[in-house]
Each structure stands twice: as C-alpha cells, then as structure tokens.
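Asks: One file is attached below, target.txt, containing compact mmCIF, C-alpha atoms.
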# COMPACT_ATOMS: atom_id res chain seq x y z
CA MET A 1 -68.47 -28.01 -47.04
CA ARG A 2 -68.01 -26.64 -50.51
CA PHE A 3 -64.45 -26.17 -51.67
CA GLN A 4 -64.85 -22.48 -52.47
CA ARG A 5 -65.81 -21.77 -48.86
CA ARG A 6 -62.52 -23.11 -47.53
CA VAL A 7 -59.13 -21.53 -47.38
CA ALA A 8 -57.06 -22.56 -50.42
CA ALA A 9 -55.76 -26.11 -50.22
CA ALA A 10 -52.19 -24.92 -49.85
CA ILE A 11 -53.22 -23.12 -46.67
CA LEU A 12 -55.39 -25.79 -45.11
CA LEU A 13 -53.11 -28.82 -45.55
CA LEU A 14 -51.18 -27.84 -42.46
CA PRO A 15 -49.55 -31.19 -41.73
CA ALA A 16 -47.93 -31.09 -45.17
CA MET A 17 -46.49 -27.60 -44.75
CA ALA A 18 -43.25 -26.53 -43.12
CA VAL A 19 -43.23 -23.45 -40.93
CA ALA A 20 -40.26 -22.17 -42.90
CA GLY A 21 -42.42 -22.11 -46.01
CA TRP A 22 -44.92 -19.81 -44.34
CA ALA A 23 -42.26 -17.09 -44.12
CA GLN A 24 -42.54 -16.67 -47.89
CA LEU A 25 -46.08 -15.30 -47.68
CA ALA A 26 -46.65 -11.74 -48.88
CA PRO A 27 -46.64 -9.10 -46.13
CA SER A 28 -49.58 -6.86 -45.32
CA PRO A 29 -49.72 -3.54 -47.17
CA ASP A 30 -50.20 -1.78 -43.83
CA ALA A 31 -47.72 -3.82 -41.81
CA PRO A 32 -43.92 -3.77 -41.61
CA PRO A 33 -42.12 -6.04 -44.13
CA ALA A 34 -42.02 -9.72 -43.29
CA GLY A 35 -39.01 -10.70 -41.29
CA ALA A 36 -38.56 -7.29 -39.76
CA ALA A 37 -39.55 -8.43 -36.29
CA PRO A 38 -37.98 -11.70 -35.12
CA ALA A 39 -40.42 -14.23 -33.72
CA SER A 40 -38.36 -14.45 -30.54
CA HIS A 41 -39.52 -10.94 -29.62
CA ALA A 42 -42.89 -12.33 -28.61
CA ASN A 43 -41.21 -13.36 -25.35
CA GLN A 44 -40.39 -9.76 -24.58
CA ASP A 45 -42.46 -6.58 -24.73
CA PRO A 46 -45.76 -6.38 -26.59
CA VAL A 47 -45.69 -4.49 -29.87
CA ALA A 48 -48.03 -1.58 -30.56
CA THR A 49 -50.84 -1.75 -33.05
CA PHE A 50 -49.56 0.53 -35.78
CA LYS A 51 -49.06 1.17 -39.45
CA LEU A 52 -45.62 2.20 -40.62
CA ASN A 53 -46.06 4.12 -43.86
CA VAL A 54 -42.69 5.68 -44.71
CA ASN A 55 -42.21 7.30 -41.28
CA LEU A 56 -45.77 7.69 -40.02
CA VAL A 57 -46.77 5.64 -36.98
CA ASN A 58 -50.43 5.04 -36.08
CA VAL A 59 -51.12 3.77 -32.57
CA VAL A 60 -54.52 2.24 -31.74
CA PHE A 61 -55.55 2.12 -28.08
CA THR A 62 -58.42 2.13 -25.60
CA VAL A 63 -58.58 4.07 -22.34
CA LYS A 64 -60.26 3.06 -19.06
CA ASN A 65 -60.68 4.93 -15.79
CA LYS A 66 -59.70 3.62 -12.35
CA GLN A 67 -63.01 1.78 -12.11
CA GLY A 68 -62.34 -0.08 -15.35
CA ASN A 69 -64.92 1.82 -17.39
CA LEU A 70 -64.16 2.93 -20.94
CA VAL A 71 -63.37 6.63 -21.33
CA PRO A 72 -64.88 8.22 -24.48
CA HIS A 73 -64.58 11.74 -25.86
CA LEU A 74 -60.87 12.31 -25.15
CA THR A 75 -59.01 14.83 -27.32
CA GLN A 76 -55.45 15.28 -28.46
CA ASN A 77 -54.83 17.55 -25.48
CA ASP A 78 -55.68 14.71 -23.07
CA CYS A 79 -53.06 12.18 -24.20
CA THR A 80 -49.32 12.14 -24.83
CA VAL A 81 -47.51 9.50 -26.88
CA TYR A 82 -43.91 8.71 -25.97
CA GLU A 83 -41.43 6.87 -28.15
CA ASP A 84 -38.42 5.64 -26.18
CA LYS A 85 -39.52 8.09 -23.45
CA VAL A 86 -39.42 11.05 -25.86
CA PRO A 87 -42.78 12.86 -26.31
CA GLN A 88 -43.97 12.94 -29.92
CA LYS A 89 -45.85 15.68 -31.75
CA LEU A 90 -49.15 14.21 -32.91
CA LYS A 91 -50.32 14.80 -36.47
CA SER A 92 -53.80 13.49 -35.74
CA PHE A 93 -55.87 12.09 -32.89
CA VAL A 94 -59.18 10.47 -33.72
CA ALA A 95 -61.85 8.60 -31.77
CA GLU A 96 -62.50 5.64 -34.08
CA THR A 97 -66.05 4.78 -33.07
CA ASN A 98 -67.25 4.43 -36.64
CA GLN A 99 -64.19 3.37 -38.63
CA PRO A 100 -64.83 0.08 -40.49
CA LEU A 101 -63.93 -3.02 -38.52
CA THR A 102 -62.63 -6.34 -39.82
CA LEU A 103 -63.24 -9.32 -37.56
CA GLY A 104 -61.99 -12.87 -37.61
CA ILE A 105 -64.00 -15.29 -35.45
CA LEU A 106 -62.08 -18.48 -34.58
CA LEU A 107 -64.23 -21.27 -33.19
CA ASP A 108 -62.74 -24.22 -31.29
CA THR A 109 -64.45 -27.41 -32.47
CA SER A 110 -62.14 -29.91 -30.77
CA GLY A 111 -63.48 -32.68 -28.53
CA SER A 112 -63.08 -30.65 -25.34
CA GLN A 113 -65.75 -28.20 -26.56
CA GLN A 114 -68.45 -30.82 -27.06
CA ARG A 115 -70.67 -29.46 -24.26
CA VAL A 116 -70.16 -25.75 -24.91
CA LEU A 117 -70.23 -25.57 -28.73
CA GLN A 118 -73.98 -24.93 -28.92
CA LEU A 119 -73.61 -22.08 -26.42
CA GLU A 120 -70.82 -20.54 -28.50
CA GLN A 121 -72.92 -20.80 -31.66
CA ASP A 122 -76.00 -19.19 -30.15
CA VAL A 123 -74.29 -16.27 -28.38
CA GLY A 124 -71.71 -15.75 -31.15
CA SER A 125 -74.42 -15.40 -33.77
CA ARG A 126 -76.23 -12.76 -31.72
CA PHE A 127 -72.98 -10.86 -31.22
CA LEU A 128 -72.29 -10.72 -34.95
CA GLU A 129 -75.83 -9.54 -35.66
CA ARG A 130 -75.33 -6.70 -33.16
CA VAL A 131 -71.78 -5.64 -33.96
CA LEU A 132 -71.60 -5.68 -37.76
CA ARG A 133 -72.32 -2.33 -39.40
CA PRO A 134 -72.66 -1.64 -43.13
CA LYS A 135 -68.92 -1.19 -43.80
CA ASP A 136 -67.73 -3.97 -41.47
CA GLU A 137 -66.73 -7.46 -42.51
CA ALA A 138 -66.13 -10.74 -40.72
CA PHE A 139 -65.06 -14.28 -41.49
CA LEU A 140 -65.37 -17.53 -39.54
CA ILE A 141 -62.74 -20.24 -39.05
CA SER A 142 -63.08 -23.47 -37.10
CA PHE A 143 -60.09 -25.33 -35.70
CA ASP A 144 -59.71 -28.84 -34.33
CA VAL A 145 -57.50 -31.47 -36.00
CA ASN A 146 -57.82 -29.22 -39.05
CA VAL A 147 -58.23 -25.52 -39.77
CA ASP A 148 -61.25 -24.75 -41.98
CA LEU A 149 -62.68 -21.53 -43.35
CA LEU A 150 -66.41 -21.90 -42.73
CA GLN A 151 -67.35 -18.46 -44.09
CA ASP A 152 -65.17 -16.01 -46.01
CA PHE A 153 -65.41 -12.22 -45.61
CA THR A 154 -69.01 -11.04 -45.52
CA ASN A 155 -71.14 -8.31 -44.00
CA SER A 156 -74.06 -10.70 -43.60
CA PRO A 157 -74.79 -11.87 -40.04
CA ARG A 158 -77.15 -14.41 -41.58
CA LEU A 159 -74.39 -16.09 -43.58
CA LEU A 160 -72.06 -16.07 -40.58
CA ALA A 161 -74.74 -17.52 -38.30
CA HIS A 162 -75.52 -20.22 -40.85
CA ALA A 163 -71.84 -21.17 -41.08
CA MET A 164 -71.49 -21.15 -37.29
CA ASP A 165 -74.52 -23.40 -36.88
CA LYS A 166 -72.97 -25.93 -39.26
CA ALA A 167 -69.79 -26.25 -37.19
CA GLN A 168 -69.33 -29.71 -35.69
CA ILE A 169 -67.02 -31.28 -33.17
CA ASN A 170 -64.18 -33.01 -35.01
CA THR A 171 -61.59 -35.27 -33.41
CA ALA A 172 -60.92 -37.30 -36.58
CA GLY A 173 -62.11 -40.20 -34.50
CA GLY A 174 -65.84 -40.31 -35.08
CA ASN A 175 -67.16 -37.80 -32.53
CA GLY A 176 -69.88 -36.53 -34.80
CA ALA A 177 -70.04 -36.58 -38.60
CA GLY A 178 -67.39 -33.91 -38.73
CA GLY A 179 -64.88 -36.33 -37.24
CA ILE A 180 -64.55 -38.39 -40.42
CA PRO A 181 -61.68 -37.00 -42.53
CA GLY A 182 -62.79 -36.42 -46.08
CA MET A 183 -66.48 -36.44 -45.07
CA GLY A 184 -66.79 -32.86 -43.92
CA GLY A 185 -64.00 -33.06 -41.40
CA GLY A 186 -61.30 -31.49 -43.53
CA PRO A 187 -58.04 -32.92 -44.87
CA VAL A 188 -56.71 -36.18 -43.46
CA PRO A 189 -53.89 -35.62 -40.93
CA THR A 190 -50.69 -37.09 -42.35
CA THR A 191 -48.34 -37.04 -39.36
CA GLY A 192 -48.53 -37.65 -35.64
CA ASP A 193 -51.53 -38.36 -33.42
CA PRO A 194 -54.80 -37.75 -35.30
CA LYS A 195 -56.33 -36.11 -32.20
CA GLY A 196 -55.41 -32.49 -31.59
CA THR A 197 -56.39 -28.83 -31.47
CA LEU A 198 -54.54 -26.65 -33.99
CA LEU A 199 -55.14 -23.40 -32.13
CA TYR A 200 -51.78 -21.72 -32.85
CA ASP A 201 -51.94 -22.79 -36.50
CA ALA A 202 -55.41 -21.23 -36.75
CA VAL A 203 -54.18 -17.92 -35.31
CA TYR A 204 -51.22 -17.89 -37.69
CA LEU A 205 -53.33 -18.62 -40.76
CA ALA A 206 -56.06 -16.14 -39.84
CA ALA A 207 -53.43 -13.42 -39.38
CA THR A 208 -51.26 -14.13 -42.42
CA GLN A 209 -53.79 -15.41 -44.95
CA LYS A 210 -56.85 -13.31 -44.16
CA LEU A 211 -56.23 -10.25 -41.99
CA ASN A 212 -52.80 -9.21 -43.25
CA GLN A 213 -54.31 -7.89 -46.49
CA GLU A 214 -56.88 -5.76 -44.68
CA THR A 215 -56.46 -2.14 -43.62
CA GLY A 216 -58.01 -0.18 -40.77
CA ARG A 217 -59.02 -1.71 -37.47
CA LYS A 218 -58.63 -5.46 -37.24
CA ALA A 219 -59.43 -7.89 -34.45
CA MET A 220 -59.48 -11.62 -33.92
CA ILE A 221 -61.86 -13.23 -31.41
CA LEU A 222 -61.14 -16.78 -30.28
CA LEU A 223 -63.75 -18.94 -28.56
CA THR A 224 -61.68 -21.73 -27.03
CA ASP A 225 -60.46 -23.43 -23.88
CA GLY A 226 -56.96 -22.29 -24.81
CA GLU A 227 -55.46 -25.76 -25.13
CA ASP A 228 -53.28 -26.42 -28.20
CA GLN A 229 -52.34 -29.90 -29.33
CA GLY A 230 -50.40 -30.66 -32.47
CA SER A 231 -49.87 -27.23 -34.07
CA ARG A 232 -46.74 -26.80 -36.14
CA THR A 233 -46.82 -23.13 -35.17
CA LYS A 234 -45.41 -22.28 -31.74
CA LEU A 235 -47.08 -19.80 -29.43
CA ASN A 236 -44.33 -17.22 -30.08
CA GLU A 237 -44.89 -17.53 -33.82
CA ALA A 238 -48.65 -17.17 -33.48
CA ILE A 239 -48.16 -13.99 -31.44
CA ALA A 240 -45.63 -12.61 -33.92
CA SER A 241 -47.98 -13.26 -36.86
CA ALA A 242 -50.72 -11.22 -35.20
CA GLU A 243 -48.25 -8.43 -34.38
CA ARG A 244 -47.00 -8.21 -37.96
CA SER A 245 -50.56 -8.10 -39.27
CA ASN A 246 -51.53 -5.40 -36.75
CA VAL A 247 -54.29 -7.56 -35.27
CA ILE A 248 -55.69 -7.20 -31.77
CA VAL A 249 -56.51 -10.63 -30.32
CA TYR A 250 -59.30 -11.27 -27.84
CA VAL A 251 -59.83 -14.68 -26.26
CA ILE A 252 -63.11 -15.73 -24.68
CA LEU A 253 -62.02 -18.66 -22.56
CA LEU A 254 -64.74 -21.32 -22.54
CA ALA A 255 -63.63 -24.33 -20.57
CA ASP A 256 -65.92 -27.14 -19.53
CA ARG A 257 -63.88 -27.96 -16.43
CA GLY A 258 -65.64 -31.30 -16.02
CA PHE A 259 -64.17 -32.48 -19.33
CA TYR A 260 -60.62 -32.41 -17.97
CA GLY A 261 -61.23 -34.52 -14.88
CA SER A 262 -58.01 -35.32 -13.04
CA TRP A 263 -55.80 -34.08 -15.91
CA GLY A 264 -56.14 -30.46 -14.90
CA TYR A 265 -56.59 -27.46 -17.14
CA GLY A 266 -53.72 -25.32 -18.47
CA GLY A 267 -54.96 -23.09 -21.28
CA HIS A 268 -55.21 -19.85 -19.31
CA SER A 269 -51.54 -18.79 -19.24
CA SER A 270 -50.88 -19.18 -22.98
CA MET A 271 -54.05 -17.28 -23.88
CA LYS A 272 -53.11 -14.53 -21.42
CA ARG A 273 -49.83 -14.08 -23.31
CA LEU A 274 -51.50 -14.15 -26.70
CA THR A 275 -53.94 -11.38 -25.77
CA SER A 276 -51.69 -9.13 -23.69
CA GLU A 277 -48.90 -9.16 -26.26
CA THR A 278 -51.25 -8.18 -29.07
CA GLY A 279 -53.12 -5.44 -27.21
CA GLY A 280 -56.29 -7.44 -26.59
CA ARG A 281 -57.77 -9.09 -23.54
CA LEU A 282 -58.57 -12.49 -22.05
CA ILE A 283 -62.06 -13.00 -20.62
CA ASP A 284 -62.68 -16.24 -18.71
CA VAL A 285 -66.35 -17.24 -18.77
CA GLY A 286 -66.14 -20.93 -17.84
CA ASN A 287 -69.26 -22.46 -19.36
CA ASN A 288 -71.66 -19.76 -18.20
CA GLY A 289 -73.97 -18.37 -20.88
CA ASP A 290 -74.59 -15.05 -19.11
CA LYS A 291 -70.85 -14.48 -18.70
CA LEU A 292 -70.31 -15.31 -22.38
CA GLU A 293 -72.95 -12.78 -23.41
CA ALA A 294 -71.31 -10.17 -21.15
CA ALA A 295 -67.87 -10.94 -22.60
CA PHE A 296 -69.07 -10.28 -26.15
CA ARG A 297 -70.63 -7.01 -25.05
CA GLN A 298 -67.38 -5.91 -23.40
CA ILE A 299 -65.43 -6.64 -26.58
CA GLU A 300 -68.04 -4.83 -28.67
CA ASP A 301 -67.78 -1.76 -26.45
CA GLU A 302 -63.97 -1.74 -26.57
CA LEU A 303 -63.86 -2.07 -30.35
CA ARG A 304 -66.27 0.85 -30.68
CA THR A 305 -64.36 3.08 -28.23
CA GLN A 306 -60.84 3.17 -29.65
CA TYR A 307 -58.47 6.03 -30.38
CA VAL A 308 -55.85 6.35 -33.11
CA ALA A 309 -52.91 8.72 -32.59
CA SER A 310 -50.60 9.39 -35.56
CA TYR A 311 -47.14 10.94 -35.51
CA THR A 312 -43.85 11.13 -37.37
CA PRO A 313 -41.10 9.91 -35.03
CA THR A 314 -38.43 12.34 -33.88
CA ASN A 315 -36.02 9.45 -34.45
CA THR A 316 -36.27 9.19 -38.24
CA ARG A 317 -33.88 6.25 -38.70
CA LEU A 318 -35.50 3.15 -40.23
CA ASP A 319 -32.95 0.74 -38.82
CA ASP A 320 -35.03 -2.26 -37.68
CA THR A 321 -34.63 -1.29 -34.04
CA PHE A 322 -37.41 -1.73 -31.52
CA ARG A 323 -39.01 1.54 -30.41
CA ARG A 324 -40.81 1.45 -27.10
CA LEU A 325 -44.18 3.21 -26.92
CA ASP A 326 -46.08 4.62 -23.97
CA VAL A 327 -49.39 6.48 -23.99
CA ASP A 328 -50.37 8.64 -21.02
CA CYS A 329 -53.90 10.00 -20.80
CA GLY A 330 -53.61 11.38 -17.27
CA ASN A 331 -55.81 11.08 -14.16
CA GLY A 332 -54.62 7.56 -13.43
CA ARG A 333 -56.31 6.23 -16.56
CA ASN A 334 -55.27 2.84 -17.87
CA VAL A 335 -54.31 2.67 -21.55
CA GLN A 336 -54.71 -0.70 -23.31
CA VAL A 337 -52.09 -0.75 -26.07
CA ARG A 338 -49.16 -2.77 -27.29
CA LYS A 339 -45.81 -1.58 -26.12
CA GLY A 340 -43.69 -0.81 -29.17
CA TYR A 341 -42.89 -1.28 -32.85
CA PHE A 342 -40.00 -2.04 -35.17
CA ALA A 343 -38.74 0.89 -37.28
CA THR A 344 -38.57 -1.15 -40.44
CA PRO A 345 -37.39 0.18 -43.81
CA PRO A 346 -39.54 -0.48 -46.89
CA GLN A 347 -39.07 -4.00 -48.23
CA ASN A 348 -37.82 -2.79 -51.61
CA GLU A 349 -35.26 -0.43 -50.11
CA ASN A 350 -31.63 -1.33 -50.94
Reformat the file's structure so that it appears as structure tokens.

Replies:
Amino acid sequence: MRFQRRVAAAILLLPAMAVAGWAQLAPSPDAPPAGAAPASHANQDPVATFKLNVNLVNVVFTVKNKQGNLVPHLTQNDCTVYEDKVPQKLKSFVAETNQPLTLGILLDTSGSQQRVLQLEQDVGSRFLERVLRPKDEAFLISFDVNVDLLQDFTNSPRLLAHAMDKAQINTAGGNGAGGIPGMGGGPVPTTGDPKGTLLYDAVYLAATQKLNQETGRKAMILLTDGEDQGSRTKLNEAIASAERSNVIVYVILLADRGFYGSWGYGGHSSMKRLTSETGGRLIDVGNNGDKLEAAFRQIEDELRTQYVASYTPTNTRLDDTFRRLDVDCGNGRNVQVRKGYFATPPQNEN
C-alpha cells in the first residue's frame, strides 16, 4: 500500500502511542470541546447526536412505527423535544433525506474473518455504489493487528471497491501476504502478542482523526465479529470518541461461528453497547449473504430517513452538566436517538 493512502504514521503506529497522548488531538469544529464529557459516562446514558454552537442544539434521530417501519414525512407539529423533561421550542425541524452524508467503513481483516471477508467485500462494494450521492464522501479502514487507511475520503465507489478488494487477512503470522509486517501488513507490533484485533483502536482513530473534522451527518459502519484483542483503547473510550465526534455507529455482526469452536463467541454484547450508546444499531447476520445485503439496505434506509430538530435550550447555562434528551413523536412511535448531551462552554472561554 502506498504511504499516502495510509493514515499518518503518528496515527497508525498504535503500539507506540499512549492513550493519554490521544487526548491532545484537536476537537471537531461541530463537537463539544475535548475533555468536556468524561469517558466514564459511556457506562451511563447514551449521548444525543448534536452540535453545540454557542447555545444551539441539533438533535438527529429516526422514527419507526410499532411495526418497526421507518416513518417519513413528519413535521414539527408531530414531535416534541424535551431537555431534562422540559419541552423546548424548536427553531427548525427538517427531514434530512438529502443532506450530504459522510461514511466511515471499518473492515475487520483479522484471522477470524478469513471465511467471510470475500462476502464483506462483494456486498460492501455494492452498498457503496448504491448509497453514495454526488455530495457524499466515504473512507475505508481495515483493522487487524494494525489499523490501516485503505482509501481516504472519496465520492468514487470505484476507488472504494478497489481498496476493499485489496484488503487481506492479517494476523502478523503469515495468514496471507498481508500477514507479513512491513510487506503490506502495516507497522510491526512492538509490544505484546502479535496476534490481535484492534477494533476499539480503529473506532477511536476513525472518530478522532477522520470524522471529527467533518460537519453534517456522519456515520461509521463496522463489518466485524465484534471481538477485540489487544487494543490500547477501552470500549468506554471508543464509545466516548464517537460521541464527541457526533458519529452514529452501526455494526454489521459477521461471525463465522465455526471458527470459534469450543471457545465460544462473545462479541455481541460489546457491539450492542457501542451502537446503542451512539444512536446506531447492531444487526447480526451470521455469515449469511442475503442477511448481509438486507442489513446494508436497512442502514441505507435509516440514513436517508433522518430528522434534525434544532432549539436553544431554556436552560442557558454552559456549565458542563449532562442534559437529558427525549423526543416524542406520538402514536407509540419509537425514536432512535442518543439520550443527552453535555452543555459545554466554548474551549477558549475563560
């Protein structure tokens, strides 16, 4: 892989980096200042997808009826936003079917995905060809014993498909050409067991190094079995990084159950947390190609049927406190949204 198509060396050499150093990264222009929301909060309530610009809060959500079908064409009169149980006066309410979308595709290329990688590549390429519109962009990251940027931001499904097709299983132990460090397999691990799956590191880096600088609607789609081995980032920190970057996370759980044998499989619960606490969704497809195709179509439909409600809070204090959000669209409808935000003052405020 050519150097210019990777994340900068300082980002990719994960084993040489301390988590504390990551806290120094610049915050997103449309996210609260870094450090405003403690990582420990990821154990508590989800945090709403929002932009805090002075005192304007934008809440992104999807609505489904009792049958689980998406509900389009709602208006401001159909929904009420509550902050700490107090109804808020909306400044705007928009159905964001055509707003530009920024996507990060994260592809698990660890040894456990050996028998499903080709399926991911084929269906994922077709999804990107369908979903990307002229103003949309996407990038592709693979993660295994390393985290590699296979394709930077582009609107070209062809470039993304080409990069996806080049992905190889990499265990740093010879399982395919990609498993040889320095020969296409990324930087040589410097600490610990060379085998691993840096899933949480990949989520953190995608959120903080790629998506945090983007505005508008942002989503991350992981194709993985959900198992993490060897990440320096903890699950709580991965969740917090997505929250601070205002990123919705979807996980398509692809698990070749036969690979695990008597060990058992335990990736479901952590991926359920990652998605629910960032306002996304977990879809378990096993290793079934039809289910994978259906999962991509469900995500596509949800991303194209979102609403954004904007308001200035009645509580105008920017005091770093957590404000709980609820959205009610009546008739027993289910609203898919994160559950709050931190009222964070501007970073340069004294």

Asks: What is the distance between atom CA of Ala294 of chain A and atom CA of Ile252 of chain A, in Å to one decimal?

Replies: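 Computing it gives 10.5 Å between the two atoms.
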
Asks: Skipping near chain neighbours, those fewer than 4 positions away, what residues fall within 7 Å of segment 90-97 of chain A using only C-alpha atoms, listed as number ranges by chain?

Replies: A: 75-76, 304-311

Asks: Identify which of the residues A:Ala238, A:Met220, A:Val63, A:Ala161 lies closest to Leu103 of chain A, counting all atoms listed in the file when measuring atom-to-atom distances.

Replies: A:Met220

Asks: Could you check which residues have any atom within 12 Å of (-54.7, -12.8, -22.8), counting only C-alpha atoms with coordinates taken straight from the file, and then list them as a PDB file with C-alpha atoms, in the frame of the given file?

Replies:
ATOM      1  CA  PRO A  46     -45.760  -6.380 -26.590  1.00  0.00           C
ATOM      2  CA  ILE A 221     -61.860 -13.230 -31.410  1.00  0.00           C
ATOM      3  CA  LEU A 222     -61.140 -16.780 -30.280  1.00  0.00           C
ATOM      4  CA  GLY A 226     -56.960 -22.290 -24.810  1.00  0.00           C
ATOM      5  CA  ILE A 239     -48.160 -13.990 -31.440  1.00  0.00           C
ATOM      6  CA  ILE A 248     -55.690  -7.200 -31.770  1.00  0.00           C
ATOM      7  CA  VAL A 249     -56.510 -10.630 -30.320  1.00  0.00           C
ATOM      8  CA  TYR A 250     -59.300 -11.270 -27.840  1.00  0.00           C
ATOM      9  CA  VAL A 251     -59.830 -14.680 -26.260  1.00  0.00           C
ATOM     10  CA  ILE A 252     -63.110 -15.730 -24.680  1.00  0.00           C
ATOM     11  CA  LEU A 253     -62.020 -18.660 -22.560  1.00  0.00           C
ATOM     12  CA  GLY A 267     -54.960 -23.090 -21.280  1.00  0.00           C
ATOM     13  CA  HIS A 268     -55.210 -19.850 -19.310  1.00  0.00           C
ATOM     14  CA  SER A 269     -51.540 -18.790 -19.240  1.00  0.00           C
ATOM     15  CA  SER A 270     -50.880 -19.180 -22.980  1.00  0.00           C
ATOM     16  CA  MET A 271     -54.050 -17.280 -23.880  1.00  0.00           C
ATOM     17  CA  LYS A 272     -53.110 -14.530 -21.420  1.00  0.00           C
ATOM     18  CA  ARG A 273     -49.830 -14.080 -23.310  1.00  0.00           C
ATOM     19  CA  LEU A 274     -51.500 -14.150 -26.700  1.00  0.00           C
ATOM     20  CA  THR A 275     -53.940 -11.380 -25.770  1.00  0.00           C
ATOM     21  CA  SER A 276     -51.690  -9.130 -23.690  1.00  0.00           C
ATOM     22  CA  GLU A 277     -48.900  -9.160 -26.260  1.00  0.00           C
ATOM     23  CA  THR A 278     -51.250  -8.180 -29.070  1.00  0.00           C
ATOM     24  CA  GLY A 279     -53.120  -5.440 -27.210  1.00  0.00           C
ATOM     25  CA  GLY A 280     -56.290  -7.440 -26.590  1.00  0.00           C
ATOM     26  CA  ARG A 281     -57.770  -9.090 -23.540  1.00  0.00           C
ATOM     27  CA  LEU A 282     -58.570 -12.490 -22.050  1.00  0.00           C
ATOM     28  CA  ILE A 283     -62.060 -13.000 -20.620  1.00  0.00           C
ATOM     29  CA  ASP A 284     -62.680 -16.240 -18.710  1.00  0.00           C
TER      30      ASP A 284
END

Asks: Taking (-63.3, -31.3, -29.9) in the coordinates of the supplied file, I want to know which residues reach to within 7 Å of it, counting all atoms listed in the file; could you give the answer as a CSV table (one decimal) with C-alpha atoms, in the coordinates of the input?

Replies:
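Heads up, here's the output in part.csv:
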chain,number,residue,atom,x,y,z
A,109,THR,CA,-64.4,-27.4,-32.5
A,110,SER,CA,-62.1,-29.9,-30.8
A,111,GLY,CA,-63.5,-32.7,-28.5
A,112,SER,CA,-63.1,-30.6,-25.3
A,113,GLN,CA,-65.8,-28.2,-26.6
A,114,GLN,CA,-68.4,-30.8,-27.1
A,144,ASP,CA,-59.7,-28.8,-34.3
A,169,ILE,CA,-67.0,-31.3,-33.2
A,170,ASN,CA,-64.2,-33.0,-35.0
A,171,THR,CA,-61.6,-35.3,-33.4

Asks: Which residues are close to segment 120-126 of chain A, i.e. within 7 Å by all atoms listed in the file, leaving aside same-chain residues fewer than 2 positions away? Reply as a VMD selection string.

Replies: chain A and resid 116 to 118 128 to 130 161 164 to 165 293

Asks: Looking at A:Leu205, A:Asp319, A:Gln99, A:Glu137, which one is nearest to Leu149 of chain A, with distances taken over only C-alpha atoms?

Replies: A:Leu205

Asks: Between atom CA of Asp301 of chain A and atom CA of Leu223 of chain A, measure the distance and give it in Å to one decimal.

Replies: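 Atom-to-atom, atom CA of Asp301 of chain A and atom CA of Leu223 of chain A are spaced 17.8 Å apart.
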
Asks: I'd like the contact shell of Thr314 of chain A - 12 Å cut-off, all atoms listed in the file, skipping same-chain residues fewer than 3 positions apart - returned as a list in words.

Replies: Asn55, Leu56, Val57, Val81, Tyr82, Glu83, Asp84, Lys85, Val86, Pro87, Gln88, Lys89, Leu90, Tyr311, Arg317, Leu318, Arg323 and Ala343 of chain A

Asks: Go through A:Arg232, A:Arg244, A:Arg133, A:Arg115 and flag the residue nearest Asn287 of chain A, using all atoms listed in the file for the distances.

Replies: A:Arg115

Asks: So, counting all atoms listed in the file, which residue among A:Ala242, A:Lys234, A:Thr224, A:Lys135 is closest to Val285 of chain A?

Replies: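 Under the stated criterion, the closest residue is A:Thr224.
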
Asks: Counting only C-alpha atoms, which residue out of A:Ala207, A:Ala295, A:Leu101, A:Leu159 sits closest to Leu132 of chain A?

Replies: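 Of all the options, A:Leu101 lies closest to Leu132 of chain A.
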
Asks: Hey, which of A:Ala206, A:Lys166, A:Leu107, A:Ala219 ends up closest to Asp136 of chain A? Count only C-alpha atoms.

Replies: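 That would be A:Ala219, the residue with the smallest distance to Asp136 of chain A.
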